[in-house]
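Enquirer: Shown below is the structure under consideration.
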Amino acid sequence: MQDPNEDTEWNDVLRKFGILPPKEEPKDEIEEMVLRLQKEAEVKPYERMSLEELKEAEDDFDEADRKAIEMYRQQRLQEWKCLQRRQKYGELREISGEQYVKEVTNAPEDVWVIIHLYRSSIPMCLLVNEHLSHLAKKFPEAKFVKAAVNSCIQRYHDRCLPTILVYKSGEIKARFIGVAECGGAYLKVEELEWKLAEVGAIESDLEENPKKDIINMMTLSMQNISVHENMDTKSSDVLKPRIT
C-alpha cells in the first residue's frame with residue numbers, strides 16, 4: 001500500500017483534490033519538549049487562590065482537587081495566623097496606669113511585654129523611648145508599651161528612671177532601673193536590643209554584646225589605674241625615711 005505521506009507527484013494531485021488528507025508536518029522535537037515542560041509546570045488554579053476564593057470555587061473542582069484544596073486552605077490559614085500574630089504590635093504604644101493590668105499583666109501568655117515607665121522631663125527617658133520605638137518595629141511579635149510614671153506610681157523617685165520592666169505570662173522576668181542599669185546616658189539602640197535579647201524578650205540577630213569593647217576598655221583602664229596606684233605607693237615607700 002502506498003504511503004499517503006510520501007512525497008510523489010501523484011500524491012500531491014490526490015491531496016489537491018481532497019482524496020488524500022494533507023501531509024503531516026514533522027513535529028519539532030524542541031517544541032514538543034517545551035510544550036511538555038509547560039504542561040508539567042502548570043500550576044493548579046487553586047494554588048494561586050486566596051482563602052475566600054478557595055471557598056467560592058470549591059464546587060468547581062473534583063474530589064481529588066477538593067482534598068488538595070483543603071490542604072492548601074489549612075496551609076493558608078496557618079500563614080495568615082502567623083502574619084496576623086507578627087503584625088499585631090509593631091509600635092511603641094502609650095498606656096495609662098488604669099490600662100496597666102489589662103495591657104501588661106493580663107497580656108496573652110505567649111507574648112513578651114516590654115514596658116517603659118518614664119518622665120518626659122528626663123532626657124534619658126526620651127532616648128529610651130526613641131530606641132524602644134525602633135525595636136518595636138523591628139520585633140513586632142513582642143509588645144512594647146510606655147507609661148508616664150505618675151499615672152502608674154505616685155512619688156516615684158527620678159533616680160529610678162528610666163525604668164524598663166519585662167513581663168511574660170503576667171510575671172516580671174527582668175527589670176532595668178535607673179540610668180546605669182538601662183545602659184548609661186549614651187545608650188545605643190543595639191545595646192538595648194542586646195539587653196532585651198539576653199532575657200529572652202526578643203530574638204536578636206546580634207552575635208555579641210555591642211558594648212563589649214567599651215566594657216573591655218573600661219576594665220583595661222581600671223587595671224592601668226590600679227597598676228599606677230601600686231607603683232606610686234611603692235615609690236612613696238622608697239622615698240620615706242627609715243626610722244631606726
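Lettering and numbering for the C-alpha cells are positional, with chains as A, B, ... in the shown order, residues counted from 1 in each chain, and ligands counted from 1 in the shown order.
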Determine, counting only C-alpha atoms, which protein, DNA and RNA residues have an atom within 10 Å of an atom of range 147-154 of chain A; residues of the same chain fewer than 3 positions away are not included. Present the result as a list in words.
Expert: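 After dropping sequence-adjacent residues, the list is Arg93, Glu94, Ile95, Ser96, Gly97, Glu98, Gln99, Tyr100, Ile115, His116, Leu117, Tyr118, Arg119, Ser120, His157, Asp158, Leu161, Pro162 and Thr163 of chain A.
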Enquirer: Generate a file of the selected residues that holds C-alpha atoms, formatted as a PDB file, in the first residue's frame.
Expert:
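As a result, selection_30.pdb now contains:
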ATOM      1  CA  ARG A  93       2.110  52.359  72.393  1.00  0.00           C
ATOM      2  CA  GLU A  94       1.264  54.771  75.198  1.00  0.00           C
ATOM      3  CA  ILE A  95      -0.875  53.374  78.005  1.00  0.00           C
ATOM      4  CA  SER A  96      -2.187  54.822  81.265  1.00  0.00           C
ATOM      5  CA  GLY A  97      -1.951  53.432  84.766  1.00  0.00           C
ATOM      6  CA  GLU A  98      -5.564  52.246  84.505  1.00  0.00           C
ATOM      7  CA  GLN A  99      -4.637  50.112  81.479  1.00  0.00           C
ATOM      8  CA  TYR A 100      -1.575  48.557  83.126  1.00  0.00           C
ATOM      9  CA  ILE A 115       7.026  48.476  79.396  1.00  0.00           C
ATOM     10  CA  HIS A 116       8.937  51.696  79.970  1.00  0.00           C
ATOM     11  CA  LEU A 117       7.991  53.891  82.928  1.00  0.00           C
ATOM     12  CA  TYR A 118       9.192  57.366  82.037  1.00  0.00           C
ATOM     13  CA  ARG A 119       9.065  61.055  82.776  1.00  0.00           C
ATOM     14  CA  SER A 120       9.201  63.331  79.742  1.00  0.00           C
ATOM     15  CA  HIS A 157      11.921  58.897  92.525  1.00  0.00           C
ATOM     16  CA  ASP A 158      13.655  60.342  89.464  1.00  0.00           C
ATOM     17  CA  LEU A 161      14.111  56.475  85.893  1.00  0.00           C
ATOM     18  CA  PRO A 162      14.124  55.276  83.248  1.00  0.00           C
ATOM     19  CA  THR A 163      12.577  52.002  84.420  1.00  0.00           C
TER      20      THR A 163
END
Enquirer: Which is closer to Leu192 in chain A than all the others in A:Arg155, A:Lys143, A:Lys173, A:His134, using only C-alpha atoms?
Expert: A:His134
Enquirer: Would you give me, as an MDAnalysis selection string, the residues in range 123-212 of chain A that DSSP reads as helix (DSSP H, G or I)?
Expert: chainID A and resid 123:138 149:152 158:160 178:182 189:198 212
Enquirer: Got time to write the residues from that selection, N, CA and C atoms, as a short mmCIF file (atom, residue, chain, number, x, y, z; two decimals), in the first residue's frame?
Expert:
data_model
loop_
_atom_site.label_atom_id
_atom_site.label_comp_id
_atom_site.auth_asym_id
_atom_site.auth_seq_id
_atom_site.Cartn_x
_atom_site.Cartn_y
_atom_site.Cartn_z
N PRO A 123 15.88 63.52 79.99
CA PRO A 123 16.42 63.22 78.65
C PRO A 123 16.65 61.74 78.40
N MET A 124 17.16 61.01 79.40
CA MET A 124 17.43 59.58 79.23
C MET A 124 16.14 58.83 78.91
N CYS A 125 15.03 59.24 79.51
CA CYS A 125 13.74 58.59 79.23
C CYS A 125 13.34 58.80 77.78
N LEU A 126 13.58 59.99 77.26
CA LEU A 126 13.24 60.28 75.86
C LEU A 126 14.10 59.44 74.92
N LEU A 127 15.37 59.26 75.30
CA LEU A 127 16.27 58.42 74.49
C LEU A 127 15.78 56.98 74.47
N VAL A 128 15.40 56.45 75.64
CA VAL A 128 14.91 55.07 75.72
C VAL A 128 13.63 54.91 74.91
N ASN A 129 12.73 55.88 74.96
CA ASN A 129 11.51 55.82 74.16
C ASN A 129 11.82 55.77 72.67
N GLU A 130 12.80 56.54 72.26
CA GLU A 130 13.21 56.54 70.85
C GLU A 130 13.74 55.16 70.44
N HIS A 131 14.58 54.57 71.28
CA HIS A 131 15.14 53.25 70.97
C HIS A 131 14.05 52.16 70.98
N LEU A 132 13.15 52.22 71.95
CA LEU A 132 12.10 51.21 72.04
C LEU A 132 11.14 51.31 70.86
N SER A 133 10.92 52.52 70.38
CA SER A 133 10.07 52.69 69.20
C SER A 133 10.69 52.00 67.98
N HIS A 134 12.00 52.10 67.86
CA HIS A 134 12.71 51.42 66.76
C HIS A 134 12.63 49.91 66.92
N LEU A 135 12.85 49.42 68.13
CA LEU A 135 12.84 47.98 68.38
C LEU A 135 11.43 47.39 68.23
N ALA A 136 10.42 48.18 68.54
CA ALA A 136 9.03 47.71 68.38
C ALA A 136 8.73 47.40 66.92
N LYS A 137 9.28 48.20 66.01
CA LYS A 137 9.08 47.96 64.58
C LYS A 137 9.90 46.76 64.11
N LYS A 138 11.07 46.61 64.69
CA LYS A 138 11.96 45.50 64.28
C LYS A 138 11.47 44.16 64.82
N VAL A 149 5.19 57.73 84.38
CA VAL A 149 5.30 57.10 85.69
C VAL A 149 4.26 57.62 86.68
N ASN A 150 3.90 58.90 86.57
CA ASN A 150 2.92 59.47 87.50
C ASN A 150 1.55 58.82 87.39
N SER A 151 1.24 58.25 86.21
CA SER A 151 -0.07 57.61 86.04
C SER A 151 -0.08 56.21 86.63
N CYS A 152 1.09 55.68 86.96
CA CYS A 152 1.19 54.32 87.49
C CYS A 152 1.61 54.29 88.96
N ASP A 158 13.02 60.15 90.77
CA ASP A 158 13.65 60.34 89.46
C ASP A 158 14.91 59.50 89.28
N ARG A 159 15.62 59.20 90.39
CA ARG A 159 16.85 58.41 90.25
C ARG A 159 16.57 56.98 89.77
N CYS A 160 15.30 56.55 89.85
CA CYS A 160 14.92 55.22 89.39
C CYS A 160 14.47 55.21 87.93
N GLY A 178 16.90 52.74 86.53
CA GLY A 178 17.88 53.81 86.57
C GLY A 178 18.77 53.86 85.35
N VAL A 179 19.48 54.97 85.23
CA VAL A 179 20.31 55.22 84.03
C VAL A 179 21.36 54.13 83.84
N ALA A 180 22.06 53.77 84.90
CA ALA A 180 23.16 52.80 84.79
C ALA A 180 22.66 51.43 84.32
N GLU A 181 21.60 50.93 84.94
CA GLU A 181 21.09 49.59 84.57
C GLU A 181 20.49 49.57 83.17
N CYS A 182 19.97 50.71 82.74
CA CYS A 182 19.38 50.77 81.39
C CYS A 182 20.44 50.89 80.31
N VAL A 189 20.87 51.94 70.51
CA VAL A 189 19.73 51.04 70.32
C VAL A 189 20.18 49.58 70.29
N GLU A 190 21.37 49.32 69.73
CA GLU A 190 21.88 47.94 69.68
C GLU A 190 22.16 47.39 71.08
N GLU A 191 22.61 48.26 71.97
CA GLU A 191 22.89 47.84 73.34
C GLU A 191 21.60 47.47 74.07
N LEU A 192 20.54 48.26 73.83
CA LEU A 192 19.24 47.95 74.45
C LEU A 192 18.67 46.67 73.86
N GLU A 193 18.86 46.49 72.55
CA GLU A 193 18.41 45.26 71.88
C GLU A 193 19.09 44.04 72.51
N TRP A 194 20.39 44.16 72.78
CA TRP A 194 21.13 43.05 73.38
C TRP A 194 20.60 42.73 74.77
N LYS A 195 20.31 43.76 75.56
CA LYS A 195 19.78 43.56 76.92
C LYS A 195 18.46 42.79 76.88
N LEU A 196 17.57 43.19 75.98
CA LEU A 196 16.26 42.53 75.88
C LEU A 196 16.40 41.11 75.34
N ALA A 197 17.36 40.91 74.44
CA ALA A 197 17.58 39.57 73.90
C ALA A 197 18.16 38.64 74.96
N GLU A 198 19.01 39.17 75.83
CA GLU A 198 19.62 38.36 76.88
C GLU A 198 18.58 37.76 77.83
N LYS A 212 30.63 45.40 74.36
CA LYS A 212 31.75 44.57 74.80
C LYS A 212 33.06 45.33 74.76
#
Enquirer: Do you have the CA of Gly90 in chain A-CA of Lys146 in chain A distance handy?
Expert: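 Going from CA of Gly90 in chain A over to CA of Lys146 in chain A, I get 13.5 Å.
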Enquirer: In Å to one decimal, how far is CA of Asn106 in chain A from CA of Ile177 in chain A?
Expert: 22.4 Å
Enquirer: Mind listing the strand (DSSP E) residues of range 66-149 of chain A, per DSSP on the backbone, as a list in words?
Expert: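 After running DSSP on the backbone, range 66-149 of chain A has strand (DSSP E) at Leu92, Arg93, Glu94, Trp112, Val113, Ile114, Ile115, His116, Leu117, Tyr118, Lys143, Phe144, Val145, Lys146, Ala147 and Ala148 of chain A.
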Enquirer: Contacts of range 168-172 of chain A at 8 Å or less, counting only C-alpha atoms, minus same-chain residues fewer than 6 places along, as a list in words?
Expert: Val104, Thr105, Asn106, Ala107, Pro108, Glu109, Asp110, Val111, Trp112 and Val113 of chain A
Enquirer: With all heavy atoms retained, write the just-selected residues as a tab-separated table (two decimals), in the first residue's frame.
Expert:
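Here's the written file out13.tsv:
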chain	number	residue	atom	x	y	z
A	104	VAL	N	-0.57	44.83	80.27
A	104	VAL	CA	0.73	44.26	80.65
A	104	VAL	C	0.56	42.95	81.41
A	104	VAL	O	0.94	41.87	80.93
A	104	VAL	CB	1.54	45.27	81.50
A	104	VAL	CG1	2.89	44.67	81.89
A	104	VAL	CG2	1.75	46.57	80.71
A	105	THR	N	-0.02	43.03	82.60
A	105	THR	CA	-0.15	41.83	83.44
A	105	THR	C	-1.02	40.76	82.79
A	105	THR	O	-0.70	39.57	82.87
A	105	THR	CB	-0.74	42.20	84.81
A	105	THR	OG1	-0.02	43.32	85.35
A	105	THR	CG2	-0.64	41.04	85.78
A	106	ASN	N	-2.11	41.18	82.16
A	106	ASN	CA	-3.05	40.21	81.57
A	106	ASN	C	-2.85	40.04	80.06
A	106	ASN	O	-3.77	39.61	79.36
A	106	ASN	CB	-4.49	40.63	81.85
A	106	ASN	CG	-4.85	40.51	83.32
A	106	ASN	OD1	-4.16	39.83	84.07
A	106	ASN	ND2	-5.91	41.18	83.74
A	107	ALA	N	-1.68	40.36	79.55
A	107	ALA	CA	-1.39	40.14	78.13
A	107	ALA	C	-1.36	38.63	77.86
A	107	ALA	O	-1.20	37.83	78.79
A	107	ALA	CB	-0.05	40.76	77.77
A	108	PRO	N	-1.56	38.21	76.60
A	108	PRO	CA	-1.51	36.78	76.28
A	108	PRO	C	-0.25	36.12	76.83
A	108	PRO	O	0.84	36.72	76.82
A	108	PRO	CB	-1.52	36.76	74.75
A	108	PRO	CG	-2.24	38.01	74.37
A	108	PRO	CD	-1.85	39.03	75.41
A	109	GLU	N	-0.38	34.88	77.31
A	109	GLU	CA	0.73	34.21	77.99
A	109	GLU	C	1.96	34.00	77.11
A	109	GLU	O	3.07	33.89	77.62
A	109	GLU	CB	0.25	32.85	78.54
A	109	GLU	CG	-0.74	32.98	79.69
A	109	GLU	CD	-1.04	31.64	80.33
A	109	GLU	OE1	-0.51	30.63	79.83
A	109	GLU	OE2	-1.80	31.62	81.32
A	110	ASP	N	1.75	33.89	75.80
A	110	ASP	CA	2.89	33.63	74.92
A	110	ASP	C	3.53	34.91	74.39
A	110	ASP	O	4.38	34.86	73.50
A	110	ASP	CB	2.47	32.73	73.76
A	110	ASP	CG	1.38	33.37	72.91
A	110	ASP	OD1	0.69	34.29	73.42
A	110	ASP	OD2	1.20	32.96	71.76
A	111	VAL	N	3.13	36.06	74.91
A	111	VAL	CA	3.63	37.34	74.41
A	111	VAL	C	4.54	37.99	75.46
A	111	VAL	O	4.18	38.10	76.62
A	111	VAL	CB	2.47	38.30	74.07
A	111	VAL	CG1	3.00	39.68	73.70
A	111	VAL	CG2	1.64	37.74	72.92
A	112	TRP	N	5.71	38.41	75.00
A	112	TRP	CA	6.61	39.19	75.86
A	112	TRP	C	6.16	40.64	75.83
A	112	TRP	O	5.86	41.18	74.77
A	112	TRP	CB	8.04	39.09	75.37
A	112	TRP	CG	8.71	37.78	75.65
A	112	TRP	CD1	8.70	36.67	74.85
A	112	TRP	CD2	9.47	37.43	76.81
A	112	TRP	NE1	9.40	35.65	75.45
A	112	TRP	CE2	9.91	36.09	76.64
A	112	TRP	CE3	9.86	38.11	77.96
A	112	TRP	CZ2	10.68	35.42	77.58
A	112	TRP	CZ3	10.64	37.46	78.90
A	112	TRP	CH2	11.03	36.13	78.72
A	113	VAL	N	6.13	41.26	77.00
A	113	VAL	CA	5.72	42.66	77.11
A	113	VAL	C	6.87	43.47	77.71
A	113	VAL	O	7.39	43.12	78.77
A	113	VAL	CB	4.47	42.83	77.99
A	113	VAL	CG1	4.05	44.30	78.03
A	113	VAL	CG2	3.32	41.97	77.47
Enquirer: Would you compute the distance between CA of Val145 in chain A and CA of Ala201 in chain A? Give it in Å to one decimal.
Expert: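 For CA of Val145 in chain A relative to CA of Ala201 in chain A, the distance reads 13.4 Å.
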Enquirer: Kindly indicate which residue among A:Phe139, A:Ala174, A:Lys88, A:Phe17 lies nearest to Asp205 in chain A, using only C-alpha atoms for the distances.
Expert: A:Phe139
